[in-house]
Amino acid sequence: MASSSIGLPAPSPNETTAARNATPSPWLVSPRFDVGFFLLSGLVVLVPWIATGVFNVDPYLVLSAVAVVANGPHLSSTWSRVYLDTRELRRRPVAVVVIPALIAAVIITTIWMTPDAYRLFTSIILYWATYHFAAQCYGLLRLYQRKSGEAPSLTWRAEAAFIYAIAATALMYRVHFGPRTLFNIVAYTPPVPLALVIAGGLVTVALALYVLVHHSVRAREGRAVPWPRLAFLGATALGFGVPFFLIRDGTAGFAAAACWHGIQYLGIVYHYNRNKFREGPSAGGARLISWVSQPGRAVAYGALMLALVGAVYGGVFVVAHTTGFDLWRTSLATWVTLTLSHYWIDGVIWKMRRDEQNRDVLAV
């Protein structure tokens with residue numbers, strides 16, 4: 001990164017490298033922050049499981065709670081990176097404006113002209129969300145690996161493969177055994193034979209055993225074991241396992257995984273923004289987000305994220321009411337557009353290999 005977010009000279013590459021290597025830490029931010037956002041967040045999937053399986057809570061009530069607590073604010077957290085900072089907006093106008101506008105146009109046209117649009121978009125979200133959740137876990141894992149100070153190894157690849165293997169196996173299990181519904185709609189699903197589900201499970205278990213044996217050997221040899229990274233892999237297994245294998249209602253399962261994913265995302269974006277504006281509130285095109293991202297203002301940050309997404313949906317209700325548009329179709333078009341645009345934009349802005357700014361701001 002050529003300069004800091006407020007125009008001050010950035011540290012030289014040698015200074016940055018020295019700072020990173022001086023005191024390697026297994027934590028991305030701090031023990032308390034990591035445990036709260038990246039490790040214990042995996043436990044939230046137990047709440048929808050218990051709520052729907054034991055207390056028979058309406059899955060849509062669970063989904064509504066998740067929308068307020070995590071899913072809505074996590075969508076607006078993406079906006080904090082690309083729309084509340086005009087410099088980022090100018091940096092990728094096609095990716096963050098033009099393509100989302102095209103996504104919206106396709107979705108709106110499909111909903112108003114295709115009677116099966118709800119099923120179509122529900123199916124797209126089922127598959128894309130699963131990949132999206134896995135990709136975020138992979139990104140966080142790569143940060144943990146970089147922070148460890150270790151040289152890249154075969155074990156790194158096994159850890160990464162484990163994340164995608166458990167996500168793929170969980171999805172195949174759900175498609176094979178069912179229920180194949182999401183939001184009370186049967187998704188379009190390809191035939192998935194039981195042998196493929198079993199093969200995916202065997203690969204996942206083999207990768208997990210390889211990683212555990214490798215780190216057990218390290219421990220016996222007296223070498224440091226990256227416990228936070230192993231705990232993160234355990235949280236990932238829980239995050240995919242409970243919603244896909246144990247929760248029998250598709251809506252509640254999606255809500256559980258989305259809540260876990262959303263909490264993770266809020267943590268990493270808040271950390272990113274806090275580092276990006278560590279020199280203080282910006283006088284440029286990011287005045288609001290730079291102010292709420294200062295240390296000690298996490299509550300203000302969360303309130304802003306909730307207010308932004310609330311304003312969008314409130315605006316949809318007002319527009320539909322005043323214009324006579326179908327509220328259901330308008331709300332569906334808004335939700336699908338925000339969700340798929342979020343998946344797209346996230347796939348662009350968090351690329352570590354191609355973005356020096358990400359590496360500098362995240363200090364890896």
# chains A, B, ... in the order shown; residues from 1 in each chain; ligands from 1
>>> residues_around(residues="His74 of chain A", least_positions_apart="3", cutoff="10 Å", atoms="only C-alpha atoms", output="ChimeraX atom specification")
/A:67-71,77-80,258-259,261-267,269,302,305-306,309,342
>>> select_by_dssp(residues="segment 78-315 of chain A", states="strand (DSSP E or B)", output="count of residues only")
4
>>> closest_atom_pairs(of="segment 19-131 of chain A", to="segment 332-336 of chain A", cutoff="7 Å", atoms="only C-alpha atoms", output="CSV")
residue,atom,partner,partner_atom,distance
A:Ile107,CA,A:Ala333,CA,6.3
A:Ile108,CA,A:Ala333,CA,5.7
A:Ile111,CA,A:Ala333,CA,7.0
>>> write_last_selection(atoms="C-alpha atoms", output="short mmCIF file (atom, residue, chain, number, x, y, z; two decimals), in the first residue's frame")
data_model
loop_
_atom_site.label_atom_id
_atom_site.label_comp_id
_atom_site.auth_asym_id
_atom_site.auth_seq_id
_atom_site.Cartn_x
_atom_site.Cartn_y
_atom_site.Cartn_z
CA ILE A 107 -33.00 -10.62 -10.41
CA ILE A 108 -35.78 -8.05 -10.75
CA ILE A 111 -38.87 -12.28 -10.33
#
>>> closest_residue(among="A:Val82, A:Met352, A:Leu61, A:Leu209", to="Val96 of chain A", atoms="only C-alpha atoms")
A:Val82
>>> atom_distance(atom1="atom CA of Trp128 of chain A", atom2="atom CA of His271 of chain A")
25.2 Å
>>> closest_residue(among="A:Asn273, A:Thr169, A:Ser216, A:Thr155", to="Gly241 of chain A", atoms="only C-alpha atoms")
A:Thr169
>>> decode(residues="segment 118-135 of chain A", atoms="N, CA and C atoms", output="PDB file, in the first residue's frame")
ATOM      1  N   TYR A 118     -38.644 -17.765  -7.247  1.00  0.00           N
ATOM      2  CA  TYR A 118     -38.318 -17.978  -5.837  1.00  0.00           C
ATOM      3  C   TYR A 118     -37.524 -19.270  -5.665  1.00  0.00           C
ATOM      4  N   ARG A 119     -37.970 -20.337  -6.316  1.00  0.00           N
ATOM      5  CA  ARG A 119     -37.256 -21.602  -6.218  1.00  0.00           C
ATOM      6  C   ARG A 119     -35.876 -21.512  -6.845  1.00  0.00           C
ATOM      7  N   LEU A 120     -35.797 -20.821  -7.974  1.00  0.00           N
ATOM      8  CA  LEU A 120     -34.517 -20.677  -8.661  1.00  0.00           C
ATOM      9  C   LEU A 120     -33.500 -19.956  -7.782  1.00  0.00           C
ATOM     10  N   PHE A 121     -33.889 -18.819  -7.215  1.00  0.00           N
ATOM     11  CA  PHE A 121     -32.940 -18.044  -6.415  1.00  0.00           C
ATOM     12  C   PHE A 121     -32.646 -18.710  -5.074  1.00  0.00           C
ATOM     13  N   THR A 122     -33.636 -19.398  -4.532  1.00  0.00           N
ATOM     14  CA  THR A 122     -33.383 -20.158  -3.302  1.00  0.00           C
ATOM     15  C   THR A 122     -32.316 -21.221  -3.547  1.00  0.00           C
ATOM     16  N   SER A 123     -32.383 -21.878  -4.675  1.00  0.00           N
ATOM     17  CA  SER A 123     -31.387 -22.907  -5.009  1.00  0.00           C
ATOM     18  C   SER A 123     -30.007 -22.295  -5.199  1.00  0.00           C
ATOM     19  N   ILE A 124     -29.943 -21.169  -5.901  1.00  0.00           N
ATOM     20  CA  ILE A 124     -28.659 -20.496  -6.107  1.00  0.00           C
ATOM     21  C   ILE A 124     -28.039 -20.112  -4.771  1.00  0.00           C
ATOM     22  N   ILE A 125     -28.856 -19.574  -3.875  1.00  0.00           N
ATOM     23  CA  ILE A 125     -28.343 -19.155  -2.571  1.00  0.00           C
ATOM     24  C   ILE A 125     -27.854 -20.353  -1.771  1.00  0.00           C
ATOM     25  N   LEU A 126     -28.558 -21.481  -1.841  1.00  0.00           N
ATOM     26  CA  LEU A 126     -28.128 -22.676  -1.106  1.00  0.00           C
ATOM     27  C   LEU A 126     -26.705 -23.067  -1.479  1.00  0.00           C
ATOM     28  N   TYR A 127     -26.409 -23.130  -2.779  1.00  0.00           N
ATOM     29  CA  TYR A 127     -25.091 -23.589  -3.224  1.00  0.00           C
ATOM     30  C   TYR A 127     -24.031 -22.494  -3.082  1.00  0.00           C
ATOM     31  N   TRP A 128     -24.378 -21.283  -3.459  1.00  0.00           N
ATOM     32  CA  TRP A 128     -23.395 -20.198  -3.383  1.00  0.00           C
ATOM     33  C   TRP A 128     -23.079 -19.870  -1.929  1.00  0.00           C
ATOM     34  N   ALA A 129     -24.082 -19.902  -1.058  1.00  0.00           N
ATOM     35  CA  ALA A 129     -23.835 -19.613   0.358  1.00  0.00           C
ATOM     36  C   ALA A 129     -22.884 -20.634   0.964  1.00  0.00           C
ATOM     37  N   THR A 130     -23.070 -21.902   0.624  1.00  0.00           N
ATOM     38  CA  THR A 130     -22.182 -22.931   1.177  1.00  0.00           C
ATOM     39  C   THR A 130     -20.740 -22.664   0.765  1.00  0.00           C
ATOM     40  N   TYR A 131     -20.538 -22.355  -0.512  1.00  0.00           N
ATOM     41  CA  TYR A 131     -19.185 -22.017  -0.967  1.00  0.00           C
ATOM     42  C   TYR A 131     -18.688 -20.737  -0.299  1.00  0.00           C
ATOM     43  N   HIS A 132     -19.558 -19.756  -0.201  1.00  0.00           N
ATOM     44  CA  HIS A 132     -19.197 -18.470   0.402  1.00  0.00           C
ATOM     45  C   HIS A 132     -18.746 -18.658   1.850  1.00  0.00           C
ATOM     46  N   PHE A 133     -19.468 -19.452   2.615  1.00  0.00           N
ATOM     47  CA  PHE A 133     -19.092 -19.707   4.010  1.00  0.00           C
ATOM     48  C   PHE A 133     -17.727 -20.400   4.074  1.00  0.00           C
ATOM     49  N   ALA A 134     -17.531 -21.384   3.184  1.00  0.00           N
ATOM     50  CA  ALA A 134     -16.257 -22.107   3.179  1.00  0.00           C
ATOM     51  C   ALA A 134     -15.110 -21.189   2.770  1.00  0.00           C
ATOM     52  N   ALA A 135     -15.344 -20.329   1.783  1.00  0.00           N
ATOM     53  CA  ALA A 135     -14.288 -19.424   1.324  1.00  0.00           C
ATOM     54  C   ALA A 135     -13.877 -18.455   2.425  1.00  0.00           C
TER      55      ALA A 135
END
